[in-house]
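Shown below: my_file-v6.txt, with compact mmCIF, C-alpha atoms.
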# COMPACT_ATOMS: atom_id res chain seq x y z
CA MET A 1052 -30.27 18.10 -28.99
CA THR A 1053 -32.10 19.71 -26.10
CA THR A 1054 -30.79 20.27 -22.59
CA SER A 1055 -33.19 17.71 -21.17
CA GLU A 1056 -31.89 15.06 -23.58
CA LEU A 1057 -28.34 15.84 -22.46
CA TYR A 1058 -29.48 15.60 -18.87
CA ASP A 1059 -31.03 12.19 -19.54
CA ILE A 1060 -27.72 10.94 -20.94
CA TRP A 1061 -25.91 12.30 -17.87
CA VAL A 1062 -28.34 10.56 -15.53
CA TYR A 1063 -27.83 7.31 -17.45
CA LEU A 1064 -24.02 7.61 -17.35
CA GLN A 1065 -23.94 8.26 -13.61
CA ALA A 1066 -25.61 4.94 -12.93
CA GLU A 1067 -23.11 2.94 -15.02
CA PRO A 1068 -19.56 1.91 -14.05
CA LEU A 1069 -18.22 2.89 -17.50
CA PHE A 1070 -18.21 6.62 -16.80
CA TRP A 1071 -16.51 6.29 -13.39
CA LEU A 1072 -13.91 3.85 -14.70
CA THR A 1073 -13.09 6.15 -17.63
CA LEU A 1074 -12.85 9.15 -15.30
CA THR A 1075 -10.57 7.32 -12.85
CA ILE A 1076 -8.22 5.97 -15.52
CA GLY A 1077 -8.22 9.34 -17.34
CA ALA A 1078 -7.40 11.19 -14.11
CA TYR A 1079 -4.59 8.73 -13.42
CA LEU A 1080 -3.15 9.21 -16.91
CA VAL A 1081 -3.13 12.98 -16.34
CA GLY A 1082 -1.45 12.46 -12.94
CA ASP A 1083 1.13 10.10 -14.40
CA TRP A 1084 1.79 12.48 -17.31
CA CYS A 1085 2.53 15.29 -14.83
CA TYR A 1086 4.81 12.94 -12.85
CA GLN A 1087 6.76 11.88 -15.96
CA LYS A 1088 6.98 15.51 -17.24
CA SER A 1089 8.44 16.62 -13.89
CA ASN A 1090 11.21 13.99 -14.26
CA LYS A 1091 9.58 11.89 -11.52
CA PHE A 1092 9.87 14.66 -8.94
CA PRO A 1093 8.56 13.20 -5.64
CA LEU A 1094 6.23 16.11 -4.86
CA VAL A 1095 4.29 15.47 -8.09
CA ASN A 1096 2.44 12.40 -6.81
CA PRO A 1097 0.26 10.78 -9.52
CA VAL A 1098 -2.12 9.25 -6.94
CA ALA A 1099 -2.69 12.59 -5.20
CA ILE A 1100 -3.28 14.36 -8.54
CA SER A 1101 -5.78 11.72 -9.73
CA ILE A 1102 -7.62 11.84 -6.38
CA LEU A 1103 -7.82 15.61 -6.66
CA ILE A 1104 -9.22 15.47 -10.22
CA VAL A 1105 -11.83 12.82 -9.39
CA SER A 1106 -12.94 14.39 -6.10
CA SER A 1107 -13.28 17.85 -7.67
CA THR A 1108 -15.44 16.30 -10.39
CA LEU A 1109 -17.66 14.70 -7.74
CA PHE A 1110 -17.77 17.96 -5.82
CA ILE A 1111 -18.65 20.15 -8.84
CA PHE A 1112 -21.46 17.84 -10.02
CA ASP A 1113 -22.61 17.10 -6.47
CA ILE A 1114 -22.24 13.33 -6.70
CA GLU A 1115 -22.16 11.04 -3.67
CA TYR A 1116 -18.94 9.11 -3.05
CA GLU A 1117 -20.91 5.85 -2.76
CA ARG A 1118 -22.22 6.26 -6.32
CA TYR A 1119 -18.72 6.90 -7.65
CA PHE A 1120 -17.27 3.98 -5.70
CA SER A 1121 -19.94 1.53 -6.89
CA GLY A 1122 -18.65 2.22 -10.41
CA ALA A 1123 -14.94 2.48 -9.66
CA GLN A 1124 -14.87 -0.62 -7.44
CA PHE A 1125 -13.64 -2.75 -10.34
CA ILE A 1126 -10.35 -0.85 -10.10
CA HIS A 1127 -10.44 -1.16 -6.31
CA PHE A 1128 -11.02 -4.92 -6.65
CA MET A 1129 -7.66 -5.33 -8.42
CA LEU A 1130 -5.83 -4.34 -5.20
CA GLY A 1131 -6.21 -7.95 -3.98
CA PRO A 1132 -4.69 -9.61 -7.07
CA ALA A 1133 -2.01 -6.86 -7.16
CA THR A 1134 -1.03 -7.79 -3.60
CA VAL A 1135 -0.68 -11.44 -4.65
CA ALA A 1136 1.29 -10.29 -7.72
CA LEU A 1137 3.93 -8.77 -5.40
CA ALA A 1138 5.05 -12.40 -4.94
CA ILE A 1139 6.80 -12.19 -8.33
CA PRO A 1140 9.34 -9.42 -7.61
CA ILE A 1141 9.94 -10.95 -4.15
CA TYR A 1142 10.61 -14.36 -5.71
CA LYS A 1143 12.89 -12.87 -8.37
CA LYS A 1144 15.01 -11.04 -5.78
CA TRP A 1145 14.83 -13.79 -3.16
CA HIS A 1146 18.65 -14.03 -2.91
CA LEU A 1147 18.75 -10.38 -1.74
CA ILE A 1148 16.25 -11.16 1.00
CA VAL A 1149 18.26 -14.16 2.22
CA VAL A 1150 21.45 -12.08 2.31
CA ASN A 1151 19.69 -9.30 4.29
CA ALA A 1152 17.64 -11.60 6.54
CA LYS A 1153 19.04 -10.26 9.81
CA ALA A 1154 18.71 -6.60 8.81
CA ILE A 1155 15.13 -7.24 7.65
CA PHE A 1156 14.20 -9.03 10.88
CA VAL A 1157 15.53 -6.31 13.18
CA SER A 1158 14.26 -3.38 11.09
CA VAL A 1159 10.73 -4.74 10.79
CA PHE A 1160 10.46 -5.01 14.58
CA VAL A 1161 12.03 -1.62 15.28
CA GLY A 1162 9.97 0.07 12.55
CA SER A 1163 6.61 -1.50 13.46
CA CYS A 1164 7.03 -0.70 17.16
CA PHE A 1165 8.20 2.84 16.36
CA ALA A 1166 5.19 3.47 14.10
CA VAL A 1167 2.71 2.50 16.84
CA VAL A 1168 4.53 4.09 19.79
CA SER A 1169 5.24 7.40 17.98
CA THR A 1170 1.58 7.65 16.91
CA TYR A 1171 0.50 7.13 20.54
CA PHE A 1172 2.83 9.75 22.01
CA ILE A 1173 2.33 12.40 19.31
CA ALA A 1174 -1.46 11.95 19.57
CA ASN A 1175 -1.33 12.45 23.33
CA GLY A 1176 1.01 15.40 23.02
CA LEU A 1177 -1.30 17.14 20.54
CA GLY A 1178 -4.43 16.42 22.58
CA ILE A 1179 -6.05 14.17 19.98
CA SER A 1180 -9.09 12.34 21.40
CA GLU A 1181 -8.65 8.71 22.47
CA LYS A 1182 -11.05 7.37 19.84
CA VAL A 1183 -9.17 9.11 17.01
CA MET A 1184 -5.82 8.02 18.51
CA LEU A 1185 -6.94 4.36 18.52
CA THR A 1186 -8.20 4.84 14.97
CA MET A 1187 -4.75 6.07 13.90
CA LEU A 1188 -2.56 3.50 15.71
CA PRO A 1189 -2.44 0.90 12.90
CA ARG A 1190 -2.21 3.49 10.08
CA SER A 1191 1.20 2.45 8.72
CA VAL A 1192 0.19 -1.08 7.64
CA THR A 1193 -1.69 -2.06 4.51
CA THR A 1194 -5.34 -0.88 4.52
CA PRO A 1195 -7.18 -4.20 5.04
CA ILE A 1196 -4.92 -5.17 7.97
CA ALA A 1197 -5.14 -1.66 9.43
CA MET A 1198 -8.96 -1.78 9.32
CA GLY A 1199 -8.98 -5.22 10.95
CA ILE A 1200 -6.70 -4.08 13.79
CA SER A 1201 -8.71 -0.87 14.25
CA GLU A 1202 -11.88 -2.87 14.77
CA VAL A 1203 -10.24 -5.09 17.39
CA ILE A 1204 -8.74 -2.23 19.45
CA GLY A 1205 -11.84 -0.02 19.38
CA GLY A 1206 -11.09 2.46 16.61
CA ILE A 1207 -13.31 3.45 13.67
CA PRO A 1208 -12.30 1.17 10.74
CA SER A 1209 -13.54 3.42 7.90
CA LEU A 1210 -11.67 6.38 9.41
CA THR A 1211 -8.60 4.14 9.77
CA ALA A 1212 -8.75 3.53 6.01
CA ILE A 1213 -8.63 7.30 5.47
CA MET A 1214 -5.66 7.71 7.84
CA THR A 1215 -3.89 4.79 6.19
CA ILE A 1216 -4.25 6.11 2.65
CA THR A 1217 -3.16 9.61 3.73
CA THR A 1218 -0.15 8.07 5.50
CA GLY A 1219 0.67 6.23 2.26
CA ILE A 1220 0.49 9.38 0.14
CA ILE A 1221 2.61 11.39 2.62
CA GLY A 1222 5.25 8.64 2.77
CA ALA A 1223 5.34 8.14 -0.99
CA THR A 1224 5.55 11.88 -1.63
CA PHE A 1225 7.93 13.11 1.08
CA GLY A 1226 9.73 9.91 2.18
CA ALA A 1227 12.57 10.37 -0.31
CA PHE A 1228 13.43 13.78 1.18
CA ILE A 1229 13.79 12.50 4.74
CA LEU A 1230 15.93 9.60 3.48
CA ASP A 1231 18.18 12.06 1.64
CA ILE A 1232 18.53 14.17 4.79
CA LEU A 1233 19.47 11.08 6.84
CA ARG A 1234 21.90 10.05 4.07
CA VAL A 1235 20.33 6.64 3.59
CA ASN A 1236 21.61 5.68 0.16
CA SER A 1237 21.25 1.88 0.21
CA ALA A 1238 18.39 1.16 -2.23
CA SER A 1239 17.19 -1.78 -0.14
CA ALA A 1240 17.08 0.27 3.11
CA ARG A 1241 15.28 3.16 1.36
CA GLY A 1242 12.67 0.80 -0.08
CA PHE A 1243 12.26 -0.99 3.24
CA GLY A 1244 11.64 2.24 5.14
CA ILE A 1245 9.12 3.49 2.57
CA GLY A 1246 7.28 0.15 2.48
CA LEU A 1247 7.14 -0.12 6.27
CA GLY A 1248 6.03 3.48 6.84
CA SER A 1249 3.64 3.89 3.93
CA HIS A 1250 2.55 0.35 2.84
CA GLY A 1251 1.19 -0.17 -0.69
CA VAL A 1252 1.14 3.44 -1.85
CA GLY A 1253 4.80 3.76 -0.86
CA THR A 1254 5.61 0.36 -2.40
CA ALA A 1255 4.05 1.42 -5.71
CA LYS A 1256 6.22 4.52 -5.67
CA ALA A 1257 9.40 2.65 -4.72
CA MET A 1258 8.74 0.09 -7.45
CA SER A 1259 8.41 2.82 -10.08
CA GLN A 1260 11.84 4.16 -9.17
CA ASN A 1261 14.08 1.17 -8.43
CA ALA A 1262 13.44 -2.59 -8.70
CA GLU A 1263 15.45 -3.49 -5.59
CA ALA A 1264 13.79 -0.74 -3.52
CA GLY A 1265 10.41 -2.00 -4.74
CA VAL A 1266 11.09 -5.55 -3.59
CA PHE A 1267 12.20 -4.45 -0.13
CA ALA A 1268 9.18 -2.16 0.14
CA ALA A 1269 6.89 -5.11 -0.66
CA VAL A 1270 8.65 -7.32 1.89
CA ALA A 1271 8.44 -4.59 4.55
CA MET A 1272 4.74 -4.07 3.83
CA GLY A 1273 3.91 -7.76 4.20
CA LEU A 1274 6.05 -8.35 7.31
CA SER A 1275 5.01 -5.16 9.12
CA GLY A 1276 1.37 -6.15 8.65
CA ILE A 1277 2.05 -9.43 10.41
CA VAL A 1278 4.29 -7.96 13.13
CA THR A 1279 1.92 -5.06 13.87
CA SER A 1280 -1.04 -7.47 14.23
CA LEU A 1281 1.05 -9.42 16.75
CA ILE A 1282 2.42 -6.52 18.83
CA MET A 1283 -0.83 -4.56 19.00
CA PRO A 1284 -2.50 -6.66 21.76
CA LEU A 1285 0.66 -6.32 23.90
CA PHE A 1286 0.79 -2.58 23.32
CA MET A 1287 -2.89 -2.20 24.23
CA ARG A 1288 -2.30 -4.00 27.52
CA LEU A 1289 0.64 -1.68 28.20
CA ILE A 1290 -1.32 1.56 27.75
CA SER A 1291 -4.52 0.49 29.50
CA MET B 740 -2.47 -13.56 -19.97
CA LEU B 741 -5.61 -15.49 -19.00
CA LYS B 742 -3.62 -18.29 -17.37
CA GLY B 743 -1.66 -15.69 -15.41
CA ILE B 744 -4.81 -13.99 -14.17
CA PHE B 745 -6.31 -17.36 -13.26
CA PHE B 746 -3.25 -18.34 -11.24
CA ILE B 747 -3.10 -15.04 -9.35
CA PHE B 748 -6.85 -15.09 -8.61
CA LEU B 749 -6.51 -18.71 -7.51
CA PHE B 750 -3.82 -17.87 -4.96
CA GLN B 751 -5.87 -14.97 -3.64
CA LEU B 752 -8.86 -17.31 -3.35
CA ILE B 753 -6.78 -19.88 -1.45
CA GLY B 754 -5.50 -17.04 0.77
CA GLU B 755 -9.05 -15.87 1.54
CA VAL B 756 -10.16 -19.42 2.36
CA VAL B 757 -7.15 -19.99 4.65
CA GLN B 758 -7.84 -16.68 6.40
CA LYS B 759 -11.49 -17.59 7.03
CA LEU B 760 -10.66 -21.14 8.13
CA LEU B 761 -7.92 -20.17 10.58
CA GLN B 762 -9.60 -16.84 11.48
CA LEU B 763 -6.34 -14.94 11.00
CA THR B 764 -6.17 -11.18 11.53
CA PHE B 765 -4.29 -10.45 8.34
CA PRO B 766 -6.01 -10.34 4.96
CA GLY B 767 -6.41 -13.09 2.36
CA PRO B 768 -4.38 -11.40 -0.40
CA VAL B 769 -1.29 -11.18 1.88
CA ILE B 770 -1.66 -14.91 2.68
CA GLY B 771 -2.01 -15.53 -1.08
CA LEU B 772 1.22 -13.56 -1.64
CA ILE B 773 3.11 -15.64 0.94
CA LEU B 774 1.74 -18.92 -0.47
CA LEU B 775 2.69 -17.91 -4.03
CA VAL B 776 6.26 -17.06 -2.98
CA ILE B 777 6.52 -20.42 -1.18
CA PHE B 778 5.08 -22.22 -4.20
CA LEU B 779 7.57 -20.58 -6.59
CA LEU B 780 10.52 -21.28 -4.27
CA VAL B 781 9.51 -24.91 -3.66
CA THR B 782 8.98 -25.74 -7.33
CA ASP B 783 12.32 -24.10 -8.15
CA ASN B 784 15.15 -26.64 -8.61
CA THR B 785 12.83 -29.65 -8.48
CA PRO B 786 11.32 -31.78 -11.26
CA LEU B 787 8.05 -29.93 -10.51
CA LYS B 788 9.62 -26.99 -12.33
CA LEU B 789 8.85 -28.71 -15.66
CA ILE B 790 5.14 -28.57 -14.90
CA SER B 791 5.09 -25.12 -13.30
CA LYS B 792 7.40 -23.35 -15.79
CA PRO B 793 4.79 -22.54 -18.48
CA PHE B 794 2.46 -21.20 -15.79
CA GLU B 795 5.26 -19.28 -14.16
CA ASN B 796 6.11 -17.35 -17.31
CA GLU B 797 2.47 -16.35 -17.73
CA VAL B 798 2.16 -15.37 -14.07
CA VAL B 799 5.32 -13.27 -14.24
CA ARG B 800 4.09 -11.38 -17.30
CA THR B 801 0.62 -10.78 -15.83
CA ALA B 802 1.97 -9.80 -12.41
CA GLU B 803 4.39 -7.30 -13.88
CA GLY B 804 1.55 -5.86 -15.97
CA ILE B 805 -0.69 -5.37 -12.91
CA LEU B 806 2.15 -4.00 -10.79
CA SER B 807 3.06 -1.33 -13.34
CA TYR B 808 -0.35 0.24 -12.57
CA LEU B 809 -0.27 -0.37 -8.82
CA SER B 810 -0.68 3.34 -7.97
CA LEU B 811 -3.90 3.59 -10.01
CA LEU B 812 -5.57 1.00 -7.77
CA PHE B 813 -5.43 3.34 -4.75
CA VAL B 814 -7.41 6.12 -6.45
CA PRO B 815 -11.02 4.93 -5.75
CA ILE B 816 -10.44 4.54 -1.98
CA GLY B 817 -8.30 7.68 -1.93
CA VAL B 818 -11.19 9.77 -3.26
CA GLY B 819 -13.08 8.73 -0.12
CA VAL B 820 -10.40 10.45 1.97
CA VAL B 821 -11.16 13.84 0.47
CA ILE B 822 -14.92 13.30 0.68
CA HIS B 823 -14.92 12.04 4.30
CA ILE B 824 -12.35 14.45 5.71
CA SER B 825 -15.16 16.31 7.55
CA LEU B 826 -15.38 13.38 10.00
CA ILE B 827 -12.37 14.76 11.88
CA GLU B 828 -12.87 18.45 11.09
CA ASP B 829 -12.33 19.63 14.69
CA GLN B 830 -8.96 17.83 15.01
CA LEU B 831 -7.85 18.11 11.40
CA LEU B 832 -4.70 20.14 12.03
CA GLN B 833 -3.44 17.89 14.86
CA VAL B 834 -4.18 14.78 12.81
CA LEU B 835 -2.27 16.15 9.81
CA VAL B 836 0.73 17.05 11.99
CA LEU B 837 0.72 13.54 13.47
CA LEU B 838 0.48 11.92 10.03
CA PHE B 839 3.37 13.97 8.66
CA VAL B 840 5.71 13.70 11.64
CA GLY B 841 4.87 10.09 12.50
CA THR B 842 5.12 8.78 8.94
CA LEU B 843 8.36 10.52 8.04
CA ALA B 844 9.97 9.60 11.38
CA THR B 845 8.94 5.95 10.94
CA ILE B 846 10.37 5.81 7.41
CA GLY B 847 13.57 7.53 8.54
CA VAL B 848 14.14 5.38 11.63
CA THR B 849 13.41 2.10 9.82
CA ALA B 850 15.62 2.83 6.81
CA TRP B 851 18.40 4.20 9.02
CA VAL B 852 18.42 1.10 11.26
CA MET B 853 18.45 -1.18 8.24
CA GLN B 854 21.35 0.67 6.62
CA LEU B 855 23.25 0.59 9.93
CA ILE B 856 22.96 -3.20 10.15
CA GLN B 857 23.90 -3.62 6.49
CA LYS B 858 27.02 -1.47 6.95
CA ARG B 859 28.06 -3.34 10.11
CA LYS B 860 27.72 -6.61 8.27
CA GLN B 861 29.81 -5.32 5.38
CA GLY B 862 32.39 -4.07 7.87
CA ALA B 863 32.49 -7.48 9.59
CA ALA B 864 32.88 -9.19 6.22
CA HIS B 865 35.85 -6.95 5.46
CA ASP B 866 37.46 -7.72 8.83
CA ASN B 867 37.20 -11.45 8.20
CA GLU B 868 38.98 -11.22 4.87
Take the structure in this file and express it as C-alpha cells.
Amino acid sequence: MTTSELYDIWVYLQAEPLFWLTLTIGAYLVGDWCYQKSNKFPLVNPVAISILIVSSTLFIFDIEYERYFSGAQFIHFMLGPATVALAIPIYKKWHLIVVNAKAIFVSVFVGSCFAVVSTYFIANGLGISEKVMLTMLPRSVTTPIAMGISEVIGGIPSLTAIMTITTGIIGATFGAFILDILRVNSASARGFGIGLGSHGVGTAKAMSQNAEAGVFAAVAMGLSGIVTSLIMPLFMRLIS
Amino acid sequence: MLKGIFFIFLFQLIGEVVQKLLQLTFPGPVIGLILLVIFLLVTDNTPLKLISKPFENEVVRTAEGILSYLSLLFVPIGVGVVIHISLIEDQLLQVLVLLFVGTLATIGVTAWVMQLIQKRKQGAAHDNE
C-alpha cells in the first residue's frame, strides 16, 4: 500500500461521521478508565480527559472543529433526550423532593442570584470587559438556556457556551473539595449545590457518585435555569 | 428499548413545540423533562397506570441507559472550548480566575444554605416530639 493510498483513506474517513464518533467514544472510554482506576478521584475528570484527547488529535492533524463537530453531532444530539431522561430519577425520588420543598425553593433563589451577582462583581473587580462580563453572566445554567439568555442581554452566545462548559468542568472536578471544606455532608445539599453551580456536567458527575445527589443536582439544574431566566431582566435593569 | 426511545423523543418533541408556541426562554428538552415528570406523577395511583405501566418500564430502562453515559454527551461541545479559547486570549487569566472563584463559591453557598435549612427543619422536628 502506498502513502497516497493511505492518504486517500484518511481523506475519506475525515468526511464521514464514523471516524469522529469512534474517536469520541474511544477517548471517553480512556477518560472513564482513568477515572475508575483512580478510585473516582475528583481531579481525574473523564470529560476533561476525553476533550484533551480529541482536541490534541484535531490539533496534530490540523483539522477544523466544524468538521469534527459535523461528525460528532450525533453524540451531541443525545443531550436533548438525556435531559428529558432526567425525569426518571426525579420521579423515582419524588418523595425526597416533597420533603425538601422549602429548602429547595430557598436554595435555588439564593444560589441563582449569587451566581449572577458574584460573576458581575468579580468581573468588574478584575477589569473584564463589559461584553465578556455579559457573556459570562448566565454561565452557571444549562448550555441552551445560558445561550438564550446571553443573546437577550447582549452577550456572545457561542462564547457563553464555552464559559458554561468550562464552568461545568470546574464545578464537577473541584466542587467536592469546597463542599468538604465547608463540611456539607448531606448528599442532597451536595448534589443541589453541584447541579446549581455546574449544570449538566456537574449533574452527570453527581449521578455517578450518589443517586440522591444526582436527583438533587438534576432538580437544581432545571429550576436554576427557570429562575435565572426570570431574574436576569431585573438584574439588567439594576446594573444599567 | 425502542418504545423507551420513542417515548423520550416524543416528550422532547412536545417540549420543543410548546417552547416555540409559547415563545419561552428556556429550552424544549427542559420543558419535556417537566412534562414527563408530571405525566409519570399524574398516571401514578390512577387507573391510567395500567395503560402507562408497560411504557414506563421501557422508559425507565432506556433513560437509565442514556444517563449512565451522560458525561460522554458533553465531549463534542467541550472540544470547541479548547479550539475557540483564543477568542478571549487577552483576558484569559481574569476569565479563568472568575470561573474558578465564582463557580466554587456558588456551589459552596448553595449547598451550605440548603444544609442549613435541612438541619433547622430536623431540629424543629425534634423539638416538636
### Task
Choose the residue, out of A:Gly1251, A:Gly1077, A:Gly1222, A:Gly1082, that has the smallest atom-to-atom separation from Val1270 in chain A; count all atoms listed in the file.
A:Gly1251
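Counting only C-alpha atoms, the residue from A:Phe1112, A:Phe1125, A:Tyr1079, A:Phe1286 that sits nearest to chain B is A:Tyr1079.
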### Message
Which residue is closest to chain B? Choose from A:Cys1164, A:Ile1204, A:Val1192, A:Leu1230 and count all atoms listed in the file.
### Response
A:Leu1230
### Task
Determine the nearest neighbour of chain A from the options B:Val836, B:Leu855, B:Ile827, B:Val776, counting only C-alpha atoms.
B:Val776
I'd like the box whose edges run along x, y and z of the file and which contains every listed atom of range 849-861 of chain B, padded by 5 Å per side; could you state its centre and edge lengths in Å, one decimal, as AutoDock Vina command-line options?
--center_x 21.6 --center_y -1.2 --center_z 8.3 --size_x 26.4 --size_y 20.8 --size_z 15.9
#### Entry: Neighbour list for Lys1091 in chain A as a VMD selection string, cut-off 12 Å, only C-alpha atoms, skip fewer than 4 positions in-chain
chain A and resid 1082 to 1087 1095 to 1097 1223 to 1224 1227 1256 to 1257 1259 to 1260
### Task
Compute the set of chain B residues within 8 Å of chain A, using all atoms listed in the file, and express it as a count of residues only.
59
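For the pair CA of Gly1206 in chain A and CA of Met1283 in chain A, the interatomic distance is 12.7 Å.
In this model, the gap between CA of Val1266 in chain A and CA of Asn796 in chain B comes to 18.8 Å.
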### Task
Report the distance between CA of Pro1284 in chain A and CA of Gln762 in chain B in Å, rounded to one decimal place.
16.1 Å
